[in-house]
$ cat entry32.cif   # mmCIF, C-alpha atoms
data_start
loop_
_atom_site.label_atom_id
_atom_site.label_comp_id
_atom_site.auth_asym_id
_atom_site.auth_seq_id
_atom_site.Cartn_x
_atom_site.Cartn_y
_atom_site.Cartn_z
CA VAL A 1395 22.15 2.10 -34.46
CA LEU A 1396 19.17 0.51 -32.67
CA LEU A 1397 19.83 -1.55 -29.57
CA LEU A 1398 17.88 -3.15 -26.75
CA LEU A 1399 18.57 -2.10 -23.19
CA PHE A 1400 21.45 -3.87 -21.36
CA LEU A 1401 22.85 -5.49 -24.51
CA GLU A 1402 26.11 -4.58 -26.23
CA VAL A 1403 26.80 -2.49 -29.31
CA ILE A 1404 29.72 -1.64 -31.57
CA LEU A 1405 30.05 1.98 -32.65
CA THR A 1406 31.91 1.78 -35.94
CA CYS A 1407 34.29 4.45 -37.14
CA LYS A 1408 34.42 4.10 -40.94
CA PHE A 1409 38.14 4.63 -41.49
CA PRO A 1410 41.14 2.38 -42.24
CA ARG A 1411 42.96 0.69 -39.45
CA LYS A 1412 44.68 2.86 -36.93
CA THR A 1413 48.35 3.50 -37.58
CA PRO A 1414 50.98 4.61 -35.07
CA ALA A 1415 50.86 8.08 -36.59
CA SER A 1416 47.06 8.38 -36.37
CA ARG A 1417 45.38 10.17 -33.50
CA LEU A 1418 41.89 8.95 -32.60
CA GLU A 1419 39.25 10.63 -30.46
CA TRP A 1420 35.66 9.62 -29.68
CA LYS A 1421 33.23 12.20 -28.37
CA LYS A 1422 29.61 12.10 -27.25
CA LEU A 1423 27.67 15.08 -28.54
CA GLY A 1424 24.86 16.93 -26.81
CA GLN A 1425 24.36 20.13 -24.87
CA SER A 1426 27.95 19.62 -23.75
CA VAL A 1427 30.58 17.53 -25.53
CA SER A 1428 32.24 14.79 -23.46
CA PHE A 1429 35.17 12.55 -24.32
CA VAL A 1430 34.63 8.82 -24.67
CA TYR A 1431 38.12 7.99 -25.93
CA TYR A 1432 40.97 10.46 -25.67
CA GLY A 1433 44.72 10.22 -25.25
CA GLN A 1434 44.83 6.48 -25.95
CA ASP A 1435 42.41 5.79 -23.10
CA LEU A 1436 38.68 5.30 -22.50
CA ARG A 1437 37.02 7.91 -20.30
CA GLY A 1438 34.32 7.96 -17.64
CA ASP A 1439 32.27 4.84 -16.96
CA PHE A 1440 33.26 3.50 -20.39
CA LYS A 1441 36.53 2.33 -18.81
CA ASP A 1442 34.76 -0.59 -17.12
CA ARG A 1443 32.35 -1.64 -19.86
CA ALA A 1444 33.89 -0.73 -23.21
CA GLN A 1445 36.89 -1.74 -25.28
CA MET A 1446 38.54 -0.44 -28.42
CA MET A 1447 38.48 -2.41 -31.67
CA ASP A 1448 40.84 -0.46 -33.93
CA PHE A 1449 38.87 2.74 -34.52
CA SER A 1450 35.57 1.30 -33.27
CA ILE A 1451 34.21 1.01 -29.71
CA ARG A 1452 32.44 -2.00 -28.25
CA ILE A 1453 30.12 -1.01 -25.37
CA LYS A 1454 28.61 -3.59 -23.00
CA ASN A 1455 25.51 -3.29 -20.80
CA VAL A 1456 24.13 -0.35 -22.72
CA THR A 1457 21.88 1.91 -20.62
CA ARG A 1458 19.33 4.56 -21.45
CA ASN A 1459 21.93 7.24 -20.72
CA ASP A 1460 24.13 5.92 -23.53
CA ALA A 1461 21.63 7.00 -26.16
CA GLY A 1462 22.74 9.93 -28.30
CA LYS A 1463 25.13 10.99 -31.03
CA TYR A 1464 28.79 9.94 -31.07
CA ARG A 1465 31.57 11.26 -33.29
CA CYS A 1466 34.92 9.72 -34.06
CA GLU A 1467 37.71 12.03 -35.19
CA VAL A 1468 40.85 10.69 -36.87
CA SER A 1469 43.81 12.97 -37.43
CA THR A 1470 46.52 11.66 -39.75
CA PRO A 1471 49.74 13.47 -40.71
CA THR A 1472 50.35 13.96 -44.42
CA ASN A 1473 52.84 15.79 -46.56
CA GLU A 1474 50.37 18.65 -46.70
CA GLY A 1475 49.80 18.68 -42.94
CA GLN A 1476 47.26 17.06 -40.61
CA ARG A 1477 44.23 15.52 -42.26
CA LEU A 1478 41.12 15.37 -40.06
CA GLU A 1479 38.31 12.95 -40.82
CA GLU A 1480 35.07 12.65 -38.88
CA ASN A 1481 32.24 10.15 -38.66
CA THR A 1482 29.01 10.48 -36.64
CA VAL A 1483 27.02 7.56 -35.25
CA THR A 1484 23.59 7.81 -33.59
CA LEU A 1485 22.77 5.27 -30.89
CA GLU A 1486 19.12 4.74 -29.98
CA VAL A 1487 18.39 2.51 -27.01
CA LEU A 1488 15.10 0.63 -27.16
CA VAL A 1489 13.27 0.23 -23.86
CA ALA A 1490 10.08 -1.67 -23.09
CA PRO A 1491 7.28 0.27 -21.38
CA GLY A 1492 7.00 0.26 -17.62
CA VAL A 1493 3.74 -0.29 -15.76
CA PRO A 1494 1.58 2.59 -17.00
CA THR A 1495 -0.17 4.99 -14.65
CA CYS A 1496 -3.94 4.65 -15.01
CA GLU A 1497 -6.42 7.25 -13.78
CA VAL A 1498 -9.92 5.79 -13.46
CA PRO A 1499 -12.59 7.61 -11.41
CA SER A 1500 -14.28 5.34 -8.91
CA SER A 1501 -17.72 6.99 -9.15
CA VAL A 1502 -19.31 9.25 -11.77
CA LEU A 1503 -22.80 10.49 -12.66
CA SER A 1504 -24.56 9.30 -15.77
CA GLY A 1505 -24.91 11.78 -18.60
CA THR A 1506 -21.62 13.53 -17.84
CA VAL A 1507 -18.33 13.66 -19.75
CA VAL A 1508 -15.73 11.33 -18.21
CA GLU A 1509 -12.08 10.88 -19.20
CA LEU A 1510 -9.79 8.01 -18.21
CA ARG A 1511 -6.02 8.53 -18.59
CA CYS A 1512 -3.10 6.17 -19.17
CA GLN A 1513 0.58 7.16 -19.38
CA ASP A 1514 4.01 5.53 -19.51
CA LYS A 1515 7.33 7.40 -19.22
CA GLU A 1516 9.74 4.50 -19.67
CA GLY A 1517 9.18 3.12 -23.14
CA ASN A 1518 11.29 3.99 -26.17
CA PRO A 1519 9.98 4.27 -28.79
CA ALA A 1520 6.87 5.88 -27.32
CA PRO A 1521 4.21 3.23 -26.73
CA THR A 1522 0.66 3.09 -28.01
CA TYR A 1523 -2.19 2.58 -25.56
CA THR A 1524 -5.15 0.22 -25.50
CA TRP A 1525 -8.04 0.28 -23.02
CA PHE A 1526 -9.94 -2.77 -21.79
CA LYS A 1527 -13.29 -3.04 -20.02
CA ASP A 1528 -14.06 -6.25 -18.13
CA GLY A 1529 -11.30 -7.93 -20.14
CA THR A 1530 -12.66 -6.79 -23.52
CA ARG A 1531 -10.63 -4.47 -25.70
CA LEU A 1532 -12.15 -1.09 -26.51
CA PHE A 1533 -11.44 -0.27 -30.13
CA GLY A 1534 -10.62 3.20 -31.38
CA ASN A 1535 -13.88 3.18 -33.34
CA PRO A 1536 -16.64 1.98 -30.98
CA LYS A 1537 -19.00 1.29 -33.88
CA LEU A 1538 -16.75 -1.62 -34.86
CA ASP A 1539 -17.17 -3.27 -31.47
CA ALA A 1540 -20.42 -5.21 -31.32
CA GLN A 1541 -19.90 -6.12 -27.65
CA ILE A 1542 -19.96 -2.50 -26.49
CA THR A 1543 -23.42 -0.96 -26.16
CA ASN A 1544 -22.27 2.63 -25.60
CA SER A 1545 -20.78 4.08 -28.80
CA SER A 1546 -20.19 7.56 -27.38
CA TYR A 1547 -16.59 6.96 -26.30
CA THR A 1548 -13.34 7.77 -28.09
CA VAL A 1549 -9.88 6.24 -27.57
CA ASN A 1550 -6.67 8.14 -28.32
CA THR A 1551 -4.02 5.46 -28.76
CA LYS A 1552 -1.19 8.01 -28.72
CA SER A 1553 -2.10 10.05 -25.65
CA GLY A 1554 -3.72 7.14 -23.78
CA THR A 1555 -7.06 8.82 -23.05
CA LEU A 1556 -10.45 7.13 -23.03
CA GLN A 1557 -13.27 9.67 -23.09
CA PHE A 1558 -16.99 9.05 -22.67
CA ASN A 1559 -18.94 11.92 -24.19
CA THR A 1560 -22.10 10.80 -22.39
CA VAL A 1561 -21.40 8.12 -19.82
CA SER A 1562 -24.21 5.73 -18.87
CA LYS A 1563 -24.79 3.03 -16.27
CA LEU A 1564 -23.87 0.44 -18.89
CA ASP A 1565 -20.31 1.81 -18.76
CA SER A 1566 -19.82 0.62 -15.17
CA GLY A 1567 -17.10 -2.01 -14.99
CA GLU A 1568 -13.44 -2.90 -14.46
CA TYR A 1569 -11.01 -0.89 -16.60
CA TYR A 1570 -7.29 -1.25 -17.28
CA CYS A 1571 -4.83 0.03 -19.86
CA GLU A 1572 -2.01 -1.58 -21.84
CA ALA A 1573 1.11 0.27 -23.06
CA ARG A 1574 2.91 -1.44 -25.95
CA ASN A 1575 5.88 -0.74 -28.24
CA SER A 1576 8.20 -2.81 -30.44
CA VAL A 1577 10.10 -4.07 -27.39
CA GLY A 1578 7.29 -5.21 -25.10
CA PHE A 1579 4.14 -4.25 -23.21
CA ARG A 1580 2.88 -3.73 -19.66
CA ARG A 1581 -0.54 -3.29 -18.09
CA CYS A 1582 -1.86 -1.41 -15.10
CA ARG A 1583 -4.10 -2.98 -12.47
CA GLU A 1584 -7.85 -3.08 -12.98
CA LYS A 1585 -9.87 -0.28 -11.43
CA ARG A 1586 -13.64 -0.16 -11.14
CA MET A 1587 -15.71 2.76 -12.37
CA GLN A 1588 -19.27 2.94 -11.04
CA VAL A 1589 -21.81 5.03 -12.93
CA ASP A 1590 -24.83 6.20 -10.91
CA ASP A 1591 -27.98 7.95 -12.09
CA LEU A 1592 -28.61 11.49 -10.92
CA ASN A 1593 -31.30 11.40 -8.16
CA VAL A 1594 -33.61 13.99 -9.73
CA SER A 1595 -36.62 13.10 -7.56
CA GLY A 1596 -34.56 13.51 -4.39
CA ILE A 1597 -33.32 16.92 -5.49
CA ILE A 1598 -36.85 18.06 -6.34
CA ALA A 1599 -38.14 16.85 -2.96
CA ALA A 1600 -35.38 18.73 -1.13
CA VAL A 1601 -36.17 21.93 -3.05
CA VAL A 1602 -39.88 21.60 -2.24
CA VAL A 1603 -39.18 21.10 1.48
CA VAL A 1604 -36.92 24.16 1.59
CA ALA A 1605 -39.54 26.23 -0.23
CA LEU A 1606 -42.25 25.14 2.24
CA VAL A 1607 -40.09 26.03 5.23
CA VAL A 1608 -39.35 29.48 3.82
CA SER A 1609 -43.04 30.05 3.02
CA ILE A 1610 -44.16 29.03 6.51
CA CYS A 1611 -41.61 31.32 8.13
CA GLY A 1612 -42.73 34.20 5.92
CA LEU A 1613 -46.39 33.64 6.75
CA GLY A 1614 -45.56 33.54 10.46
CA VAL A 1615 -43.80 36.90 10.28
CA CYS A 1616 -46.70 38.47 8.38
CA TYR A 1617 -49.23 37.11 10.89
CA ALA A 1618 -47.24 38.47 13.83
CA GLN A 1619 -47.05 41.91 12.24
CA ARG A 1620 -50.78 42.00 11.53
CA LYS A 1621 -51.57 41.05 15.13
CA GLY A 1622 -49.31 43.82 16.38
CA TYR A 1623 -47.01 41.60 18.35
CA PHE A 1624 -43.97 43.57 17.32
CA SER A 1625 -45.58 46.97 18.21
CA LYS A 1626 -46.75 45.67 21.63
CA ARG A 1627 -43.32 44.51 22.48
CA LYS A 1628 -42.03 47.93 21.52
CA GLY A 1629 -44.57 49.72 23.80
CA GLU A 1630 -43.77 47.43 26.69
CA GLY A 1631 -40.16 48.27 26.25
CA HIS A 1632 -40.87 52.01 26.55
CA ARG A 1633 -43.01 51.48 29.66
CA ASP A 1634 -40.35 49.41 31.37
CA ARG A 1635 -37.77 52.04 30.60
CA ASN A 1636 -39.95 54.82 32.13
CA ILE A 1637 -40.48 52.83 35.35
CA ASN A 1638 -36.76 52.26 35.68
CA ASP A 1639 -36.10 55.97 35.19
CA GLU A 1640 -38.58 56.85 37.99
CA ARG A 1641 -36.88 54.43 40.36
CA ILE A 1642 -33.53 55.98 39.70
CA ILE A 1643 -34.89 59.49 40.34
CA ASP A 1644 -36.37 58.41 43.71
CA ARG A 1645 -32.95 57.25 44.86
CA LEU A 1646 -31.19 60.51 44.02
CA PRO A 1647 -30.68 63.10 46.85
CA PRO A 1648 -32.58 66.40 46.56
CA ALA A 1649 -30.90 68.99 44.43
CA ASN A 1650 -31.16 71.82 47.10
CA PRO A 1651 -31.21 70.36 50.65
CA PRO A 1652 -32.96 72.56 53.36
CA PRO A 1653 -30.69 74.67 55.61
CA PRO A 1654 -29.84 73.20 59.00
CA THR A 1655 -31.98 74.22 62.03
CA PRO A 1656 -30.11 76.71 64.25
CA THR A 1657 -29.39 75.57 67.78
CA PRO A 1658 -30.26 77.88 70.76
CA HIS A 1659 -27.39 79.47 72.68
#
$ encode --input "entry32.cif" --output "structure tokens"
Amino acid sequence: VLLLLFLEVILTCKFPRKTPASRLEWKKLGQSVSFVYYGQDLRGDFKDRAQMMDFSIRIKNVTRNDAGKYRCEVSTPTNEGQRLEENTVTLEVLVAPGVPTCEVPSSVLSGTVVELRCQDKEGNPAPTYTWFKDGTRLFGNPKLDAQITNSSYTVNTKSGTLQFNTVSKLDSGEYYCEARNSVGFRRCREKRMQVDDLNVSGIIAAVVVVALVVSICGLGVCYAQRKGYFSKRKGEGHRDRNINDERIIDRLPPANPPPPTPTPH
């Protein structure tokens, strides 16, 4: 059974009318089985929005959580004992897509691979995706689109990706995505992607400047070594250390002081 969200549905149990001797149960199947109708009474939140119609159930304000498999079980006494009959009904709730999430980079470099993403988690059945640039639809096969100058992109309508194999400055613009299924469609807000050229001349100039600085520093070190500046500084260091040692020795008391002069008696 296919049904739009928030409408009503009748889950039909394909058996004759209920008799006083019949026992009816409705169950919702899944990882765990839950009762919908048991002991002559509706269960759970179905009490407030469902009603019995003989063996069938009429559900109002159907939600996404109502989707799944239902089984009616009818037990009827016979001369040979209880006869159990079952019938399974699958309920699929159709939901329009929500506003998709769009990932569009604000700035990229030309010549690189760039991927734009679009995704919706609300729609059932799963939506297909369409990308637009400056209000113009981007077709899955760019060669069919005469208005698009860059034919290096690919669109995956199932996953929602738009990939530029070699992005160029002509690809700069406002992008948005549309998610659509049999129930409806929604779009995300436009986002601008700016494609800039790689500043090759600036990079080369920076490399040249760094190389010149390193070369000048290296030449300066070599010149200082050839002039002996480093060796002179080393000799001066030894001389200063010797002078300091002599000053320290002058301050020290003599190792063997002379004996005291005897006083006359």
$ resolve_selection --input "entry32.cif" --expression "the PyMOL selection byres ((chain A and resi 1502-1513) around 6)" --output "PyMOL selection string"
chain A and resi 1494-1498+1501+1514+1554-1562+1589-1591
$ residues_around --input "entry32.cif" --residues "region 1517-1525 of chain A" --least-positions-apart "6" --cutoff "9 Å" --atoms "only C-alpha atoms" --output "ChimeraX atom specification"
/A:1486-1492,1531-1534,1549-1556,1569-1579
$ closest_residue --input "entry32.cif" --among "A:Asp1439, A:Asp1528, A:Asp1460, A:Asp1448" --to "Arg1417 (chain A)" --atoms "all atoms listed in the file"
A:Asp1448
$ closest_residue --input "entry32.cif" --among "A:Lys1563, A:Gly1529, A:Leu1606, A:Gly1424" --to "Arg1581 (chain A)" --atoms "only C-alpha atoms"
A:Gly1529
$ atom_distance --input "entry32.cif" --atom1 "CA of Thr1484 (chain A)" --atom2 "CA of Ala1461 (chain A)"
7.7 Å
$ residues_around --input "entry32.cif" --residues "Arg1452 (chain A)" --least-positions-apart "4" --cutoff "9 Å" --atoms "all atoms listed in the file" --output "list of chain:residue names"
A:Glu1402, A:Val1403, A:Ile1404, A:Leu1405, A:Thr1406, A:Arg1443, A:Ala1444, A:Gln1445, A:Met1446, A:Met1447
$ atom_distance --input "entry32.cif" --atom1 "CA of Val1430 (chain A)" --atom2 "CA of Pro1471 (chain A)"
22.5 Å
$ closest_residue --input "entry32.cif" --among "A:Thr1472, A:Glu1467, A:Glu1516, A:Arg1586" --to "Phe1429 (chain A)" --atoms "all atoms listed in the file"
A:Glu1467
$ atom_distance --input "entry32.cif" --atom1 "CA of Thr1457 (chain A)" --atom2 "CA of Leu1485 (chain A)"
10.8 Å
$ residues_around --input "entry32.cif" --residues "Lys1422 (chain A)" --least-positions-apart "2" --cutoff "8 Å" --atoms "only C-alpha atoms" --output "ChimeraX atom specification"
/A:1420,1424,1427-1430,1462-1465
$ resolve_selection --input "entry32.cif" --expression "the PyMOL selection byres ((chain A and resi 1400) around 8)" --output "list in words"
Leu1398, Leu1399, Leu1401, Glu1402, Lys1454, Asn1455, Val1456 and Thr1457 of chain A
$ closest_residue --input "entry32.cif" --among "A:Thr1482, A:Thr1470, A:Ser1566, A:Ser1450" --to "Pro1414 (chain A)" --atoms "all atoms listed in the file"
A:Thr1470
$ closest_residue --input "entry32.cif" --among "A:Lys1408, A:Arg1620, A:Arg1458, A:Lys1585" --to "Glu1480 (chain A)" --atoms "all atoms listed in the file"
A:Lys1408
$ decode --input "entry32.cif" --residues "region 1444-1488 of chain A" --atoms "N, CA and C atoms" --output "short mmCIF file (atom, residue, chain, number, x, y, z; two decimals), in the first residue's frame"
data_model
loop_
_atom_site.label_atom_id
_atom_site.label_comp_id
_atom_site.auth_asym_id
_atom_site.auth_seq_id
_atom_site.Cartn_x
_atom_site.Cartn_y
_atom_site.Cartn_z
N ALA A 1444 -6.98 5.41 14.98
CA ALA A 1444 -7.35 4.26 14.15
C ALA A 1444 -8.69 3.71 14.63
N GLN A 1445 -9.36 3.00 13.73
CA GLN A 1445 -10.62 2.35 14.08
C GLN A 1445 -10.74 1.05 13.29
N MET A 1446 -11.45 0.10 13.86
CA MET A 1446 -11.63 -1.19 13.23
C MET A 1446 -12.81 -1.16 12.27
N MET A 1447 -12.65 -1.82 11.14
CA MET A 1447 -13.71 -1.99 10.14
C MET A 1447 -13.77 -3.48 9.83
N ASP A 1448 -14.57 -4.21 10.63
CA ASP A 1448 -14.56 -5.67 10.59
C ASP A 1448 -13.15 -6.17 10.87
N PHE A 1449 -12.52 -6.82 9.90
CA PHE A 1449 -11.16 -7.31 10.11
C PHE A 1449 -10.10 -6.27 9.73
N SER A 1450 -10.50 -5.22 9.06
CA SER A 1450 -9.56 -4.22 8.55
C SER A 1450 -9.37 -3.08 9.55
N ILE A 1451 -8.28 -2.32 9.35
CA ILE A 1451 -7.96 -1.18 10.22
C ILE A 1451 -7.87 0.08 9.37
N ARG A 1452 -8.51 1.12 9.84
CA ARG A 1452 -8.43 2.43 9.19
C ARG A 1452 -7.55 3.33 10.06
N ILE A 1453 -6.42 3.79 9.50
CA ILE A 1453 -5.45 4.60 10.24
C ILE A 1453 -5.47 6.02 9.68
N LYS A 1454 -5.60 7.00 10.57
CA LYS A 1454 -5.60 8.41 10.17
C LYS A 1454 -4.24 9.05 10.50
N ASN A 1455 -3.96 10.15 9.80
CA ASN A 1455 -2.72 10.91 10.04
C ASN A 1455 -1.50 9.99 10.05
N VAL A 1456 -1.33 9.28 8.95
CA VAL A 1456 -0.22 8.34 8.85
C VAL A 1456 1.11 9.09 8.91
N THR A 1457 2.04 8.57 9.69
CA THR A 1457 3.38 9.16 9.82
C THR A 1457 4.42 8.23 9.22
N ARG A 1458 5.65 8.75 9.16
CA ARG A 1458 6.75 7.95 8.63
C ARG A 1458 6.97 6.69 9.46
N ASN A 1459 6.73 6.78 10.76
CA ASN A 1459 6.94 5.63 11.63
C ASN A 1459 5.94 4.51 11.40
N ASP A 1460 4.85 4.81 10.70
CA ASP A 1460 3.84 3.77 10.44
C ASP A 1460 4.26 2.85 9.30
N ALA A 1461 5.26 3.23 8.55
CA ALA A 1461 5.68 2.40 7.42
C ALA A 1461 6.21 1.06 7.92
N GLY A 1462 5.91 0.01 7.17
CA GLY A 1462 6.39 -1.32 7.55
C GLY A 1462 5.41 -2.40 7.14
N LYS A 1463 5.64 -3.59 7.66
CA LYS A 1463 4.80 -4.75 7.35
C LYS A 1463 3.84 -5.03 8.51
N TYR A 1464 2.58 -5.27 8.16
CA TYR A 1464 1.55 -5.60 9.14
C TYR A 1464 0.97 -6.98 8.80
N ARG A 1465 0.57 -7.69 9.84
CA ARG A 1465 -0.01 -9.01 9.63
C ARG A 1465 -1.27 -9.17 10.47
N CYS A 1466 -2.34 -9.58 9.79
CA CYS A 1466 -3.57 -9.90 10.53
C CYS A 1466 -3.66 -11.41 10.68
N GLU A 1467 -4.07 -11.83 11.85
CA GLU A 1467 -4.20 -13.26 12.16
C GLU A 1467 -5.62 -13.52 12.65
N VAL A 1468 -6.30 -14.43 11.98
CA VAL A 1468 -7.69 -14.76 12.34
C VAL A 1468 -7.73 -16.23 12.75
N SER A 1469 -8.19 -16.45 13.96
CA SER A 1469 -8.32 -17.81 14.48
C SER A 1469 -9.80 -18.13 14.62
N THR A 1470 -10.23 -19.20 13.96
CA THR A 1470 -11.64 -19.57 13.95
C THR A 1470 -11.78 -21.02 14.40
N PRO A 1471 -12.68 -21.29 15.36
CA PRO A 1471 -12.88 -22.68 15.79
C PRO A 1471 -13.62 -23.49 14.73
N THR A 1472 -13.20 -24.71 14.55
CA THR A 1472 -13.86 -25.63 13.63
C THR A 1472 -14.02 -26.98 14.32
N ASN A 1473 -14.68 -27.89 13.63
CA ASN A 1473 -14.85 -29.22 14.19
C ASN A 1473 -13.51 -29.94 14.35
N GLU A 1474 -12.55 -29.52 13.57
CA GLU A 1474 -11.23 -30.14 13.62
C GLU A 1474 -10.26 -29.37 14.52
N GLY A 1475 -10.76 -28.31 15.16
CA GLY A 1475 -9.91 -27.50 16.02
C GLY A 1475 -9.82 -26.07 15.51
N GLN A 1476 -8.87 -25.31 16.05
CA GLN A 1476 -8.69 -23.91 15.64
C GLN A 1476 -8.03 -23.83 14.27
N ARG A 1477 -8.62 -22.98 13.43
CA ARG A 1477 -8.03 -22.74 12.11
C ARG A 1477 -7.44 -21.33 12.10
N LEU A 1478 -6.15 -21.24 11.80
CA LEU A 1478 -5.45 -19.95 11.81
C LEU A 1478 -5.17 -19.51 10.38
N GLU A 1479 -5.60 -18.31 10.07
CA GLU A 1479 -5.34 -17.73 8.74
C GLU A 1479 -4.60 -16.41 8.93
N GLU A 1480 -3.67 -16.15 8.02
CA GLU A 1480 -2.84 -14.95 8.13
C GLU A 1480 -2.82 -14.20 6.80
N ASN A 1481 -2.63 -12.89 6.93
CA ASN A 1481 -2.53 -12.04 5.74
C ASN A 1481 -1.56 -10.90 6.06
N THR A 1482 -0.60 -10.66 5.18
CA THR A 1482 0.42 -9.63 5.40
C THR A 1482 0.21 -8.46 4.44
N VAL A 1483 0.31 -7.25 4.99
CA VAL A 1483 0.15 -6.02 4.21
C VAL A 1483 1.38 -5.15 4.45
N THR A 1484 1.94 -4.61 3.37
CA THR A 1484 3.10 -3.71 3.47
C THR A 1484 2.63 -2.28 3.23
N LEU A 1485 2.95 -1.42 4.17
CA LEU A 1485 2.58 0.00 4.07
C LEU A 1485 3.84 0.82 3.81
N GLU A 1486 3.85 1.54 2.71
CA GLU A 1486 4.96 2.43 2.37
C GLU A 1486 4.46 3.86 2.38
N VAL A 1487 5.08 4.69 3.18
CA VAL A 1487 4.67 6.08 3.32
C VAL A 1487 5.55 6.95 2.42
N LEU A 1488 4.91 7.68 1.53
CA LEU A 1488 5.63 8.55 0.61
C LEU A 1488 5.83 9.92 1.23
#
